[in-house]
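Participant: So here's work14.txt (compact mmCIF, C-alpha atoms and all ligand atoms).
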```txt
# COMPACT_ATOMS: atom_id res chain seq x y z
CA MET A 1 0.00 0.00 0.00
CA ASP A 2 0.97 3.68 -0.35
CA ASN A 3 2.48 5.28 2.71
CA PRO A 4 -0.28 7.31 4.30
CA ASN A 5 0.00 11.04 4.96
CA ILE A 6 -0.24 11.28 8.77
CA VAL A 7 -0.72 14.32 11.05
CA THR A 8 -1.23 14.44 14.83
CA CYS A 9 -2.53 17.42 16.82
CA THR A 10 -3.80 18.20 20.32
CA ALA A 11 -6.61 20.49 21.44
CA PRO A 12 -7.83 21.83 24.79
CA VAL A 13 -10.98 21.73 26.91
CA ASN A 14 -12.66 25.06 27.67
CA ILE A 15 -14.93 26.19 30.50
CA ALA A 16 -17.57 28.83 29.83
CA VAL A 17 -17.87 31.75 32.23
CA VAL A 18 -20.76 33.20 30.19
CA LYS A 19 -22.69 30.11 29.15
CA TYR A 20 -24.01 28.93 25.80
CA TRP A 21 -27.38 27.23 26.28
CA GLY A 22 -29.86 27.05 23.40
CA LYS A 23 -29.71 26.96 19.61
CA ARG A 24 -31.60 28.98 17.01
CA ASN A 25 -30.54 26.51 14.29
CA GLU A 26 -29.96 22.88 15.26
CA GLU A 27 -28.24 21.75 12.11
CA LEU A 28 -25.71 24.56 11.77
CA ILE A 29 -25.45 24.87 15.59
CA LEU A 30 -26.21 28.58 15.81
CA PRO A 31 -26.68 29.78 19.41
CA ILE A 32 -29.31 32.10 20.88
CA ASN A 33 -26.61 34.09 22.69
CA SER A 34 -22.89 34.79 22.62
CA SER A 35 -20.65 33.12 25.22
CA LEU A 36 -17.16 33.41 26.68
CA SER A 37 -14.77 30.79 28.00
CA VAL A 38 -11.34 30.16 29.43
CA THR A 39 -9.24 27.55 27.62
CA LEU A 40 -7.75 25.06 30.10
CA HIS A 41 -4.12 24.01 29.91
CA GLN A 42 -3.40 20.94 27.79
CA ASP A 43 -0.80 19.63 30.24
CA GLN A 44 -3.75 18.60 32.37
CA LEU A 45 -6.63 18.14 29.90
CA LYS A 46 -6.36 17.50 26.18
CA THR A 47 -7.53 15.46 23.24
CA THR A 48 -4.95 14.02 20.84
CA THR A 49 -6.05 13.16 17.30
CA THR A 50 -4.19 11.53 14.44
CA VAL A 51 -5.56 11.70 10.89
CA ALA A 52 -4.14 9.61 8.07
CA THR A 53 -5.09 9.74 4.38
CA SER A 54 -4.13 7.22 1.75
CA ARG A 55 -5.15 6.12 -1.71
CA SER A 56 -5.38 2.60 -0.27
CA PHE A 57 -8.08 3.37 2.33
CA GLN A 58 -11.47 1.97 1.33
CA GLU A 59 -13.64 4.19 3.52
CA ASP A 60 -13.53 6.94 6.17
CA ARG A 61 -13.14 5.38 9.64
CA ILE A 62 -12.85 6.68 13.21
CA TRP A 63 -11.59 5.22 16.51
CA LEU A 64 -12.38 7.08 19.75
CA ASN A 65 -10.61 6.15 22.97
CA GLY A 66 -9.71 2.74 21.56
CA LYS A 67 -13.09 1.83 20.07
CA GLU A 68 -14.25 2.13 16.47
CA GLU A 69 -17.23 4.49 16.23
CA ASP A 70 -19.84 5.25 13.59
CA ILE A 71 -18.37 7.69 11.05
CA THR A 72 -21.85 8.45 9.64
CA HIS A 73 -22.67 10.53 12.75
CA PRO A 74 -24.15 13.73 11.22
CA ARG A 75 -21.88 16.11 13.17
CA LEU A 76 -18.74 14.20 12.15
CA GLN A 77 -19.98 14.24 8.58
CA SER A 78 -20.52 18.03 8.72
CA CYS A 79 -16.90 18.59 9.83
CA LEU A 80 -15.46 16.24 7.18
CA ARG A 81 -17.62 17.73 4.44
CA GLU A 82 -16.76 21.35 5.33
CA ILE A 83 -12.99 20.73 5.49
CA ARG A 84 -13.05 18.89 2.14
CA ARG A 85 -15.11 21.73 0.66
CA LEU A 86 -12.56 24.34 1.79
CA ALA A 87 -9.67 22.23 0.51
CA ARG A 88 -11.34 21.89 -2.88
CA LYS A 89 -11.97 25.63 -2.97
CA ARG A 90 -8.32 26.37 -2.22
CA ARG A 91 -7.21 24.10 -4.98
CA SER A 92 -9.60 25.60 -7.51
CA ASP A 93 -8.33 29.02 -6.42
CA GLY A 94 -4.99 27.92 -7.83
CA ASP A 95 -2.93 26.81 -4.84
CA THR A 96 -0.67 24.29 -6.53
CA GLU A 97 0.95 23.21 -3.27
CA LEU A 98 -2.22 21.27 -2.67
CA ASP A 99 -1.91 19.11 -5.74
CA SER A 100 -0.18 16.34 -3.86
CA ILE A 101 -2.92 16.12 -1.24
CA GLY A 102 -5.41 13.55 -2.42
CA LEU A 103 -8.75 15.18 -1.85
CA SER A 104 -10.58 12.08 -2.90
CA HIS A 105 -8.59 9.94 -0.44
CA LYS A 106 -10.42 8.44 2.50
CA VAL A 107 -9.34 9.29 6.06
CA HIS A 108 -8.64 7.22 9.14
CA ILE A 109 -9.09 9.15 12.38
CA CYS A 110 -7.93 8.09 15.84
CA SER A 111 -8.54 10.18 18.94
CA VAL A 112 -7.84 9.82 22.67
CA ASN A 113 -8.37 11.99 25.75
CA ASN A 114 -5.79 12.25 28.54
CA PHE A 115 -8.66 12.36 31.05
CA PRO A 116 -11.57 10.00 31.71
CA THR A 117 -14.71 10.88 29.71
CA ALA A 118 -16.61 9.91 32.83
CA ALA A 119 -15.11 12.92 34.63
CA GLY A 120 -17.73 14.94 32.71
CA LEU A 121 -15.25 17.47 31.42
CA ALA A 122 -16.75 18.56 28.10
CA SER A 123 -14.79 16.11 26.01
CA SER A 124 -16.83 16.92 22.89
CA ALA A 125 -15.42 20.45 22.74
CA ALA A 126 -11.79 19.30 22.77
CA GLY A 127 -12.66 16.34 20.53
CA PHE A 128 -14.28 18.29 17.69
CA ALA A 129 -11.75 21.13 17.93
CA CYS A 130 -8.95 18.59 17.58
CA LEU A 131 -10.66 16.77 14.72
CA VAL A 132 -11.19 19.95 12.70
CA TYR A 133 -7.72 21.32 13.41
CA THR A 134 -6.04 18.04 12.42
CA LEU A 135 -8.15 17.54 9.28
CA ALA A 136 -7.30 21.11 8.24
CA LYS A 137 -3.57 20.37 8.57
CA VAL A 138 -3.88 17.16 6.58
CA PHE A 139 -5.78 18.82 3.75
CA GLY A 140 -3.75 22.05 3.83
CA VAL A 141 -6.67 24.25 4.84
CA GLU A 142 -5.91 27.51 6.66
CA GLY A 143 -7.82 30.46 8.07
CA GLU A 144 -11.04 30.63 10.05
CA LEU A 145 -11.84 27.12 11.27
CA SER A 146 -13.98 27.80 14.35
CA CYS A 147 -17.14 27.90 12.15
CA ILE A 148 -16.43 24.30 11.21
CA ALA A 149 -15.63 23.15 14.76
CA ARG A 150 -18.92 24.81 15.81
CA GLN A 151 -20.78 22.37 13.56
CA GLY A 152 -19.30 19.45 15.52
CA SER A 153 -20.31 20.81 18.91
CA GLY A 154 -21.15 24.43 19.72
CA SER A 155 -18.65 24.80 22.55
CA ALA A 156 -15.91 23.26 20.34
CA CYS A 157 -15.52 26.53 18.42
CA ARG A 158 -14.11 28.15 21.57
CA SER A 159 -11.48 25.38 21.93
CA MET A 160 -9.89 26.56 18.66
CA TYR A 161 -8.07 29.32 20.58
CA GLY A 162 -6.07 29.60 23.78
CA GLY A 163 -6.64 31.98 26.68
CA PHE A 164 -9.92 33.88 26.89
CA VAL A 165 -12.26 33.27 23.98
CA GLN A 166 -15.64 34.63 22.92
CA TRP A 167 -18.09 32.90 20.63
CA ILE A 168 -19.92 35.69 18.83
CA MET A 169 -23.46 34.45 18.14
CA GLY A 170 -23.70 36.19 14.74
CA GLN A 171 -26.82 37.38 12.92
CA ARG A 172 -26.77 35.52 9.62
CA ASP A 173 -28.89 32.50 8.80
CA ASP A 174 -25.98 30.70 7.11
CA GLY A 175 -23.85 30.90 10.28
CA LYS A 176 -20.84 32.45 8.58
CA ASP A 177 -20.59 35.16 11.26
CA SER A 178 -21.09 32.77 14.22
CA LEU A 179 -17.48 32.23 15.19
CA ALA A 180 -14.92 32.25 17.99
CA GLN A 181 -12.40 35.01 18.63
CA GLN A 182 -9.59 35.26 21.13
CA VAL A 183 -10.17 38.08 23.63
CA GLU A 184 -6.78 37.73 25.36
CA PRO A 185 -4.08 35.06 25.12
CA GLU A 186 -3.27 32.69 28.00
CA SER A 187 -0.18 34.75 28.92
CA HIS A 188 -2.41 37.73 29.76
CA TRP A 189 -3.39 36.64 33.28
CA PRO A 190 -0.77 34.21 34.67
CA GLU A 191 -1.93 34.62 38.29
CA LEU A 192 -5.33 33.14 37.45
CA ARG A 193 -5.58 29.55 38.64
CA ILE A 194 -8.22 26.91 38.07
CA LEU A 195 -9.36 23.89 40.08
CA VAL A 196 -11.70 21.24 38.73
CA LEU A 197 -13.46 19.56 41.66
CA VAL A 198 -14.51 16.20 40.28
CA ALA A 199 -17.64 15.25 42.22
CA SER A 200 -18.44 11.61 42.74
CA ALA A 201 -21.39 11.41 40.33
CA GLU A 202 -24.20 8.95 41.01
CA LYS A 203 -25.83 9.04 37.61
CA LYS A 204 -25.22 10.26 34.06
CA PRO A 205 -26.88 13.66 33.65
CA VAL A 206 -29.06 14.76 30.69
CA GLY A 207 -26.83 15.57 27.69
CA SER A 208 -26.38 19.25 26.76
CA THR A 209 -27.75 18.84 23.23
CA SER A 210 -31.14 17.47 24.32
CA GLY A 211 -31.21 19.48 27.55
CA MET A 212 -30.88 22.80 25.75
CA GLN A 213 -33.51 21.75 23.19
CA THR A 214 -36.08 21.27 25.94
CA SER A 215 -35.00 24.58 27.53
CA VAL A 216 -35.49 26.47 24.25
CA GLN A 217 -38.96 24.94 23.88
CA THR A 218 -40.17 25.52 27.42
CA SER A 219 -38.20 28.12 29.40
CA CYS A 220 -39.20 31.77 29.21
CA LEU A 221 -36.36 32.59 31.60
CA LEU A 222 -33.95 31.34 28.93
CA LYS A 223 -35.48 33.76 26.37
CA HIS A 224 -35.11 36.64 28.78
CA ARG A 225 -31.53 35.60 29.55
CA ALA A 226 -30.50 35.41 25.89
CA LYS A 227 -32.15 38.70 24.93
CA SER A 228 -31.68 40.93 27.95
CA VAL A 229 -29.01 39.50 30.25
CA VAL A 230 -26.17 37.98 28.22
CA PRO A 231 -25.44 40.91 25.85
CA ASP A 232 -24.60 43.21 28.77
CA ARG A 233 -22.72 40.43 30.61
CA MET A 234 -20.52 39.80 27.56
CA VAL A 235 -19.45 43.45 27.51
CA LYS A 236 -18.73 43.48 31.26
CA MET A 237 -16.92 40.13 31.16
CA ILE A 238 -14.64 41.18 28.31
CA GLU A 239 -13.82 44.34 30.22
CA ALA A 240 -13.10 42.37 33.44
CA VAL A 241 -10.78 39.99 31.55
CA ARG A 242 -8.94 42.84 29.80
CA LYS A 243 -8.43 44.68 33.10
CA LYS A 244 -7.68 41.48 35.05
CA ASP A 245 -10.36 42.59 37.49
CA PHE A 246 -10.78 39.38 39.51
CA PRO A 247 -13.78 40.40 41.66
CA ALA A 248 -15.74 41.50 38.55
CA PHE A 249 -14.70 38.38 36.59
CA ALA A 250 -15.60 36.13 39.54
CA GLU A 251 -18.95 37.72 40.22
CA ILE A 252 -20.17 37.52 36.63
CA THR A 253 -18.91 33.91 36.42
CA MET A 254 -20.91 32.85 39.48
CA LYS A 255 -24.04 34.76 38.52
CA ASP A 256 -23.97 33.36 35.01
CA SER A 257 -23.55 29.79 36.22
CA ASN A 258 -26.41 30.29 38.67
CA GLN A 259 -28.66 31.72 35.98
CA PHE A 260 -27.84 28.87 33.60
CA HIS A 261 -28.88 26.37 36.30
CA ALA A 262 -31.97 28.46 37.01
CA THR A 263 -32.97 28.12 33.34
CA CYS A 264 -32.50 24.37 33.74
CA LEU A 265 -34.92 24.42 36.66
CA ASP A 266 -37.27 26.61 34.58
CA THR A 267 -37.18 23.97 31.84
CA TYR A 268 -40.25 21.73 31.82
CA PRO A 269 -39.78 19.00 32.93
CA PRO A 270 -36.92 20.50 34.94
CA ILE A 271 -33.29 19.47 34.59
CA PHE A 272 -31.02 19.20 37.64
CA TYR A 273 -27.30 19.25 37.08
CA LEU A 274 -26.18 20.40 40.52
CA SER A 275 -25.85 17.76 43.23
CA SER A 276 -25.69 18.18 47.01
CA VAL A 277 -21.89 18.26 46.63
CA SER A 278 -22.19 21.11 44.10
CA GLN A 279 -24.44 23.04 46.51
CA HIS A 280 -21.94 22.51 49.31
CA VAL A 281 -19.15 23.92 47.10
CA ILE A 282 -21.31 26.97 46.33
CA SER A 283 -21.89 27.59 50.06
CA LEU A 284 -18.20 27.14 50.80
CA VAL A 285 -17.18 29.72 48.19
CA HIS A 286 -19.67 32.31 49.42
CA ARG A 287 -18.73 31.80 53.09
CA TYR A 288 -15.04 31.96 52.22
CA ASN A 289 -15.49 35.23 50.33
CA LYS A 290 -17.69 36.65 53.09
CA TYR A 291 -15.05 35.85 55.72
CA TYR A 292 -12.50 37.95 53.83
CA GLY A 293 -15.00 40.62 52.82
CA GLU A 294 -13.93 40.34 49.18
CA THR A 295 -14.43 38.01 46.22
CA ARG A 296 -11.34 35.79 46.22
CA VAL A 297 -12.83 32.64 44.73
CA SER A 298 -15.58 31.83 42.20
CA TYR A 299 -17.30 28.70 40.90
CA THR A 300 -18.98 27.64 37.69
CA PHE A 301 -20.82 24.43 36.73
CA ASP A 302 -21.67 23.05 33.30
CA ALA A 303 -24.10 20.23 32.52
CA GLY A 304 -22.94 18.11 35.47
CA PRO A 305 -22.08 18.32 39.18
CA ASN A 306 -18.33 19.14 38.88
CA ALA A 307 -17.31 22.57 40.11
CA VAL A 308 -14.71 24.59 38.26
CA ILE A 309 -13.10 27.06 40.65
CA PHE A 310 -11.26 30.25 39.65
CA THR A 311 -8.97 32.02 42.09
CA LEU A 312 -5.68 33.90 42.14
CA GLU A 313 -2.45 32.04 42.86
CA GLN A 314 -1.98 33.71 46.25
CA HIS A 315 -5.29 32.39 47.59
CA LEU A 316 -5.09 28.92 46.09
CA PRO A 317 -3.30 26.97 48.89
CA GLU A 318 -5.65 28.11 51.63
CA PHE A 319 -8.81 27.59 49.60
CA LEU A 320 -7.70 24.09 48.68
CA GLN A 321 -7.21 23.37 52.39
CA ALA A 322 -10.79 24.50 52.93
CA VAL A 323 -11.95 22.10 50.21
CA GLN A 324 -10.06 19.23 51.80
CA HIS A 325 -11.43 20.14 55.21
CA LEU A 326 -15.00 20.06 53.93
CA PHE A 327 -14.62 17.01 51.69
CA PRO A 328 -12.20 14.71 53.52
CA PRO A 329 -10.63 12.50 50.84
CA LYS A 330 -10.50 8.72 50.92
CA THR A 331 -7.21 7.69 52.46
CA ASN A 332 -6.89 4.52 50.40
CA GLY A 333 -7.64 6.11 47.01
CA GLY A 334 -5.15 7.60 44.53
CA LYS A 335 -3.78 11.11 44.71
CA PHE A 336 -6.39 13.68 45.76
CA ILE A 337 -4.70 16.63 44.09
CA LYS A 338 -3.64 16.08 40.50
CA GLY A 339 -2.07 18.44 37.98
CA LEU A 340 -0.14 21.59 38.87
CA PRO A 341 1.39 21.44 42.35
CA VAL A 342 -0.15 23.61 45.09
CA ASN A 343 1.76 24.76 48.18
CA SER A 344 0.43 23.61 51.50
CA ALA A 345 -1.24 26.03 53.90
CA VAL A 346 -2.89 26.01 57.30
CA LEU A 347 -6.55 26.72 57.64
CA PRO A 348 -7.08 29.29 60.42
CA GLU A 349 -9.43 27.96 63.14
CA GLU A 350 -11.51 31.09 62.85
CA LEU A 351 -12.03 30.50 59.13
CA LYS A 352 -12.96 26.88 59.79
CA LYS A 353 -15.60 28.13 62.21
CA ALA A 354 -16.82 30.76 59.76
CA ILE A 355 -17.29 28.11 57.09
CA GLY A 356 -19.18 26.00 59.62
CA LEU A 357 -20.56 23.51 57.10
CA GLU A 358 -20.94 19.80 57.73
CA THR A 359 -18.18 17.71 56.20
CA MET A 360 -19.04 15.39 53.29
CA SER A 361 -16.61 12.49 53.19
CA ASN A 362 -15.70 11.35 49.67
CA GLY A 363 -18.01 13.94 48.08
CA ILE A 364 -15.19 14.92 45.76
CA SER A 365 -13.17 12.12 44.19
CA TYR A 366 -10.21 14.31 43.21
CA VAL A 367 -9.14 17.85 42.41
CA LEU A 368 -7.41 18.77 39.18
CA SER A 369 -5.23 21.85 39.49
CA THR A 370 -4.65 23.77 36.25
CA LYS A 371 -4.56 27.21 34.61
CA ALA A 372 -5.41 28.90 31.29
CA GLY A 373 -3.58 27.42 28.34
CA PRO A 374 -2.92 27.59 24.60
CA GLY A 375 -5.09 26.52 21.66
CA PRO A 376 -4.61 23.48 19.39
CA CYS A 377 -1.04 22.51 18.38
CA VAL A 378 0.64 20.16 15.92
CA VAL A 379 2.62 17.29 17.46
CA LYS A 380 5.86 16.99 15.49
CA ASP A 381 7.26 13.74 16.90
CA PRO A 382 6.07 10.85 14.66
CA ALA A 383 6.41 8.47 17.63
CA GLN A 384 3.31 10.21 19.04
CA HIS A 385 1.08 9.29 16.08
CA LEU A 386 -1.89 7.20 17.19
CA LEU A 387 -2.07 5.49 13.77
CA GLY A 388 0.75 3.31 12.48
CA SER A 389 2.28 3.38 9.00
CA ASP A 390 -0.45 0.90 7.98
CA GLY A 391 -3.02 3.58 8.90
CA PHE A 392 -4.52 1.56 11.75
CA PRO A 393 -4.50 2.31 15.53
CA LYS A 394 -1.12 1.44 17.00
CA GLU A 395 -2.70 0.05 20.13
CA MET A 396 -6.22 -0.46 21.22
CA LEU A 397 -6.42 1.26 24.59
C1 LIG A 401 -23.28 23.91 29.60
O1 LIG A 401 -21.40 22.48 23.13
O2 LIG A 401 -21.90 20.39 24.48
O3 LIG A 401 -21.18 23.42 28.61
O4 LIG A 401 -23.65 22.32 20.72
O5 LIG A 401 -25.25 20.55 21.38
O6 LIG A 401 -22.82 20.00 21.18
P1 LIG A 401 -23.86 21.07 21.51
O7 LIG A 401 -23.69 21.42 23.05
P2 LIG A 401 -22.39 21.67 23.90
O8 LIG A 401 -23.01 22.57 25.08
C2 LIG A 401 -22.22 23.12 26.09
C3 LIG A 401 -23.09 23.69 27.16
C4 LIG A 401 -22.36 24.15 28.41
C5 LIG A 401 -22.07 25.65 28.36
C6 LIG A 401 -20.94 26.11 27.49
O9 LIG A 401 -19.95 25.38 27.30
O10 LIG A 401 -21.03 27.27 27.04
```
Now, as a test, write the supplied structure out as structure tokens.

Facilitator:
Amino acid sequence: MDNPNIVTCTAPVNIAVVKYWGKRNEELILPINSSLSVTLHQDQLKTTTTVATSRSFQEDRIWLNGKEEDITHPRLQSCLREIRRLARKRRSDGDTELDSIGLSHKVHICSVNNFPTAAGLASSAAGFACLVYTLAKVFGVEGELSCIARQGSGSACRSMYGGFVQWIMGQRDDGKDSLAQQVEPESHWPELRILVLVASAEKKPVGSTSGMQTSVQTSCLLKHRAKSVVPDRMVKMIEAVRKKDFPAFAEITMKDSNQFHATCLDTYPPIFYLSSVSQHVISLVHRYNKYYGETRVSYTFDAGPNAVIFTLEQHLPEFLQAVQHLFPPKTNGGKFIKGLPVNSAVLPEELKKAIGLETMSNGISYVLSTKAGPGPCVVKDPAQHLLGSDGFPKEML
């Protein structure tokens, strides 16, 4: 067989601080409001994708986390179709460099996450961002790609950039102006630190795609939010990020998370993503901030019970102590704190008293410590390819 053309890339997870919830067009994935997120560092959370093309491949195929999946999935098909369309356009525009890239060749795709999907950490955003970025490299497509990633999963468009990223909802019916833009790069706010508190989940929550459909159909609070709340919040959030104004950033983040979960409760039948552990984390953050008389810590929750905490480096060790105090970890389990190291600190007795909440043993299975990070990257080392020179997965994980 011909040697395949192989490219491997990685892409990050992002966490929204102004949430996307609701589509105005299901097929193109056009949202009812703009949103803003922080891209998380790939050292802790990333998807790696290898794409190979060869004249010898009989059909397009995909393997996700070691298992072959259905390539006919409509959202996968949208991404493949759009990349091939752009590649064809570039060639017909006269880019001769592309002549060697077989546009008619089939692709083999292999993708893995460096974190468990079960951790509920928006793997579809990193997954589709990585797929689109890697396909674009293979087919020699450049330029605006977030519109294509958006058609895989809405939040994926924001994973196409590092740092602080807005997804502008756009006005057009064809979606061409519904795209992601970097607000500030990851280097802008190095003191900002992030903790993912992975709650021990009892059950799989309602998926975002179907959850937001029901919300659009039934929640009038969601309509009000999209029309009258988010536009102003986007302006204020961008300003807070630009000025590195932590209290403003933190307050909008918490209020927006709370309103998103309120629209879930306003959905009929209602959707509950927050668990008793999530509610405990919310109380802890507010009591902690009240004790100091300033907003030092904030939380946000997506479509699941895990809390994502933002704080500044200087407050991180003590707050983490407070988390461990409230959620005593299993002693026999693995490491409780994973990712970036955190200095130890003592929790003042007075603060412990001020928090005053009941402890919840094993409520949190582990804490992932991370920060803002860069967008998708190409992996140069061929040893890292997930597909071998025969175009098939090197190992089934
Ligand atoms: C709560 O992007 O997963 O995480 O577009 O249907 O694939 P689809 O939904 P998805 O929704 C994410 C919802 C959220 C908020 C956010 O990331 O903005």

Participant: Quick one: residues within 8 Å of ligand LIG 401 (chain A), with only C-alpha atoms and all ligand atoms, as JSON, numbers by chain?

Facilitator: {"A": [14, 15, 16, 17, 18, 19, 20, 21, 23, 29, 35, 36, 37, 122, 124, 125, 150, 151, 152, 153, 154, 155, 156, 207, 208, 209, 210, 212, 260, 301, 302, 303]}

Participant: Please, could you write that set of residues out with C-alpha atoms as a PDB file, keeping the file's coordinate frame?

Facilitator:
```
ATOM      1  CA  ASN A  14     -12.660  25.060  27.670  1.00  0.00           C
ATOM      2  CA  ILE A  15     -14.930  26.190  30.500  1.00  0.00           C
ATOM      3  CA  ALA A  16     -17.570  28.830  29.830  1.00  0.00           C
ATOM      4  CA  VAL A  17     -17.870  31.750  32.230  1.00  0.00           C
ATOM      5  CA  VAL A  18     -20.760  33.200  30.190  1.00  0.00           C
ATOM      6  CA  LYS A  19     -22.690  30.110  29.150  1.00  0.00           C
ATOM      7  CA  TYR A  20     -24.010  28.930  25.800  1.00  0.00           C
ATOM      8  CA  TRP A  21     -27.380  27.230  26.280  1.00  0.00           C
ATOM      9  CA  LYS A  23     -29.710  26.960  19.610  1.00  0.00           C
ATOM     10  CA  ILE A  29     -25.450  24.870  15.590  1.00  0.00           C
ATOM     11  CA  SER A  35     -20.650  33.120  25.220  1.00  0.00           C
ATOM     12  CA  LEU A  36     -17.160  33.410  26.680  1.00  0.00           C
ATOM     13  CA  SER A  37     -14.770  30.790  28.000  1.00  0.00           C
ATOM     14  CA  ALA A 122     -16.750  18.560  28.100  1.00  0.00           C
ATOM     15  CA  SER A 124     -16.830  16.920  22.890  1.00  0.00           C
ATOM     16  CA  ALA A 125     -15.420  20.450  22.740  1.00  0.00           C
ATOM     17  CA  ARG A 150     -18.920  24.810  15.810  1.00  0.00           C
ATOM     18  CA  GLN A 151     -20.780  22.370  13.560  1.00  0.00           C
ATOM     19  CA  GLY A 152     -19.300  19.450  15.520  1.00  0.00           C
ATOM     20  CA  SER A 153     -20.310  20.810  18.910  1.00  0.00           C
ATOM     21  CA  GLY A 154     -21.150  24.430  19.720  1.00  0.00           C
ATOM     22  CA  SER A 155     -18.650  24.800  22.550  1.00  0.00           C
ATOM     23  CA  ALA A 156     -15.910  23.260  20.340  1.00  0.00           C
ATOM     24  CA  GLY A 207     -26.830  15.570  27.690  1.00  0.00           C
ATOM     25  CA  SER A 208     -26.380  19.250  26.760  1.00  0.00           C
ATOM     26  CA  THR A 209     -27.750  18.840  23.230  1.00  0.00           C
ATOM     27  CA  SER A 210     -31.140  17.470  24.320  1.00  0.00           C
ATOM     28  CA  MET A 212     -30.880  22.800  25.750  1.00  0.00           C
ATOM     29  CA  PHE A 260     -27.840  28.870  33.600  1.00  0.00           C
ATOM     30  CA  PHE A 301     -20.820  24.430  36.730  1.00  0.00           C
ATOM     31  CA  ASP A 302     -21.670  23.050  33.300  1.00  0.00           C
ATOM     32  CA  ALA A 303     -24.100  20.230  32.520  1.00  0.00           C
TER      33      ALA A 303
END
```

Participant: Under the rule that all atoms listed in the file are counted, which of A:Gly170, A:Gly375, A:Pro328, A:Pro341 is the nearest residue to A:Glu184?

Facilitator: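 Answer, going by the shortest atom-to-atom distance: A:Gly375.
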
Participant: State, in Å with one decimal place, the distance from atom CA of A:Asn25 to atom CA of A:Val229.

Facilitator: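 We find that atom CA of A:Asn25 and atom CA of A:Val229 lie 20.6 Å from each other.
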
Participant: Nearest to A:Thr311: which of A:Gly356, A:Gly162, A:Pro190, A:Gly363 is it, counting all atoms listed in the file?

Facilitator: A:Pro190

Participant: Quick one: distance from atom CA of A:Leu197 to atom CA of A:Ala262 in Å, one decimal?

Facilitator: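 Separating atom CA of A:Leu197 from atom CA of A:Ala262 is a distance of 21.1 Å.
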
Participant: Give me, as a PyMOL selection string, all polymer residues having an atom no more than 10 Å from stretch 378-394 of chain A, counting all atoms listed in the file and skipping those fewer than 3 positions away in the same chain.

Facilitator: chain A and resi 1-11+48-54+56-57+61-63+66-68+107-112+130+133-134+137+397

Participant: Please report the interatomic distance between atom CA of A:Ser104 and atom CA of A:Glu144 in Å with one decimal.

Facilitator: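 According to the coordinates, atom CA of A:Ser104 and atom CA of A:Glu144 are separated by 22.6 Å.
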
Participant: Measuring atom to atom with all atoms listed in the file, identify which of A:Leu347, A:Leu368, A:Val277, A:Ile168 is nearest to A:Phe115.

Facilitator: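 Comparing A:Leu347, A:Leu368, A:Val277, A:Ile168 against A:Phe115, the winner is A:Leu368.
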
Participant: Name the residues within 12 Å of (-15.2, 15.5, 1.8), counting all atoms listed in the file in the file's coordinates, and put them as a PyMOL selection string.

Facilitator: chain A and resi 53+59-60+76-89+102-107+135-136+139

Participant: For A:Thr300, which of A:Phe327, A:Tyr288, A:Tyr268, A:Phe249 is the closest residue, counting all atoms listed in the file?

Facilitator: A:Phe249

Participant: Closest to A:Lys223 among A:Cys147, A:Val132, A:Leu64, A:Ile32, using only C-alpha atoms?

Facilitator: A:Ile32

Participant: Contacts of A:Glu191 at 9 Å or less, counting all atoms listed in the file, minus same-chain residues fewer than 4 places along, as a list in words?

Facilitator: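 Listed by chain and then number, they are Thr311, Leu312, Glu313, Gln314 and Lys371 of chain A.
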
Participant: With all atoms listed in the file as the counted atoms, please give the residues lying no more than 12 Å from A:Leu340, apart from itself and same-chain residues fewer than 5 positions off, as a VMD selection string.

Facilitator: chain A and resid 41 to 45 193 to 196 313 316 to 317 367 to 372

Participant: In terms of the shortest atom-to-atom distance over all atoms listed in the file, which of A:Thr263, A:Gln217, A:Gln58, A:Thr39 is closest to A:Ala129?

Facilitator: A:Thr39

Participant: With a distance cut-off of 10 Å and all atoms listed in the file, select the neighbouring residues of A:His261, excluding the residue or stretch itself and same-chain residues fewer than 4 positions from it, and output the selection as a ChimeraX atom specification.

Facilitator: /A:255-257,265-267,271-274,301-303

Participant: Quick one: residues within 10 Å of stretch 237-241 of chain A, all atoms listed in the file, excluding same-chain residues fewer than 3 positions away - as a count of residues only?

Facilitator: 25

Participant: Please complete stretch 278-284 of chain A with N, CA and C atoms and give it back as a JSON list (two decimals), in the frame of the given file.

Facilitator:
```json
[["chain", "number", "residue", "atom", "x", "y", "z"],
["A", 278, "SER", "N", -22.30, 19.82, 44.79],
["A", 278, "SER", "CA", -22.19, 21.11, 44.10],
["A", 278, "SER", "C", -22.70, 22.24, 45.01],
["A", 279, "GLN", "N", -23.86, 21.99, 45.65],
["A", 279, "GLN", "CA", -24.44, 23.04, 46.51],
["A", 279, "GLN", "C", -23.54, 23.35, 47.69],
["A", 280, "HIS", "N", -22.88, 22.33, 48.20],
["A", 280, "HIS", "CA", -21.94, 22.51, 49.31],
["A", 280, "HIS", "C", -20.75, 23.37, 48.86],
["A", 281, "VAL", "N", -20.27, 23.14, 47.63],
["A", 281, "VAL", "CA", -19.15, 23.92, 47.10],
["A", 281, "VAL", "C", -19.57, 25.39, 46.97],
["A", 282, "ILE", "N", -20.79, 25.60, 46.49],
["A", 282, "ILE", "CA", -21.31, 26.97, 46.33],
["A", 282, "ILE", "C", -21.33, 27.67, 47.69],
["A", 283, "SER", "N", -21.85, 26.99, 48.72],
["A", 283, "SER", "CA", -21.89, 27.59, 50.06],
["A", 283, "SER", "C", -20.48, 27.88, 50.56],
["A", 284, "LEU", "N", -19.58, 26.95, 50.34],
["A", 284, "LEU", "CA", -18.20, 27.14, 50.80],
["A", 284, "LEU", "C", -17.60, 28.41, 50.19]]
```
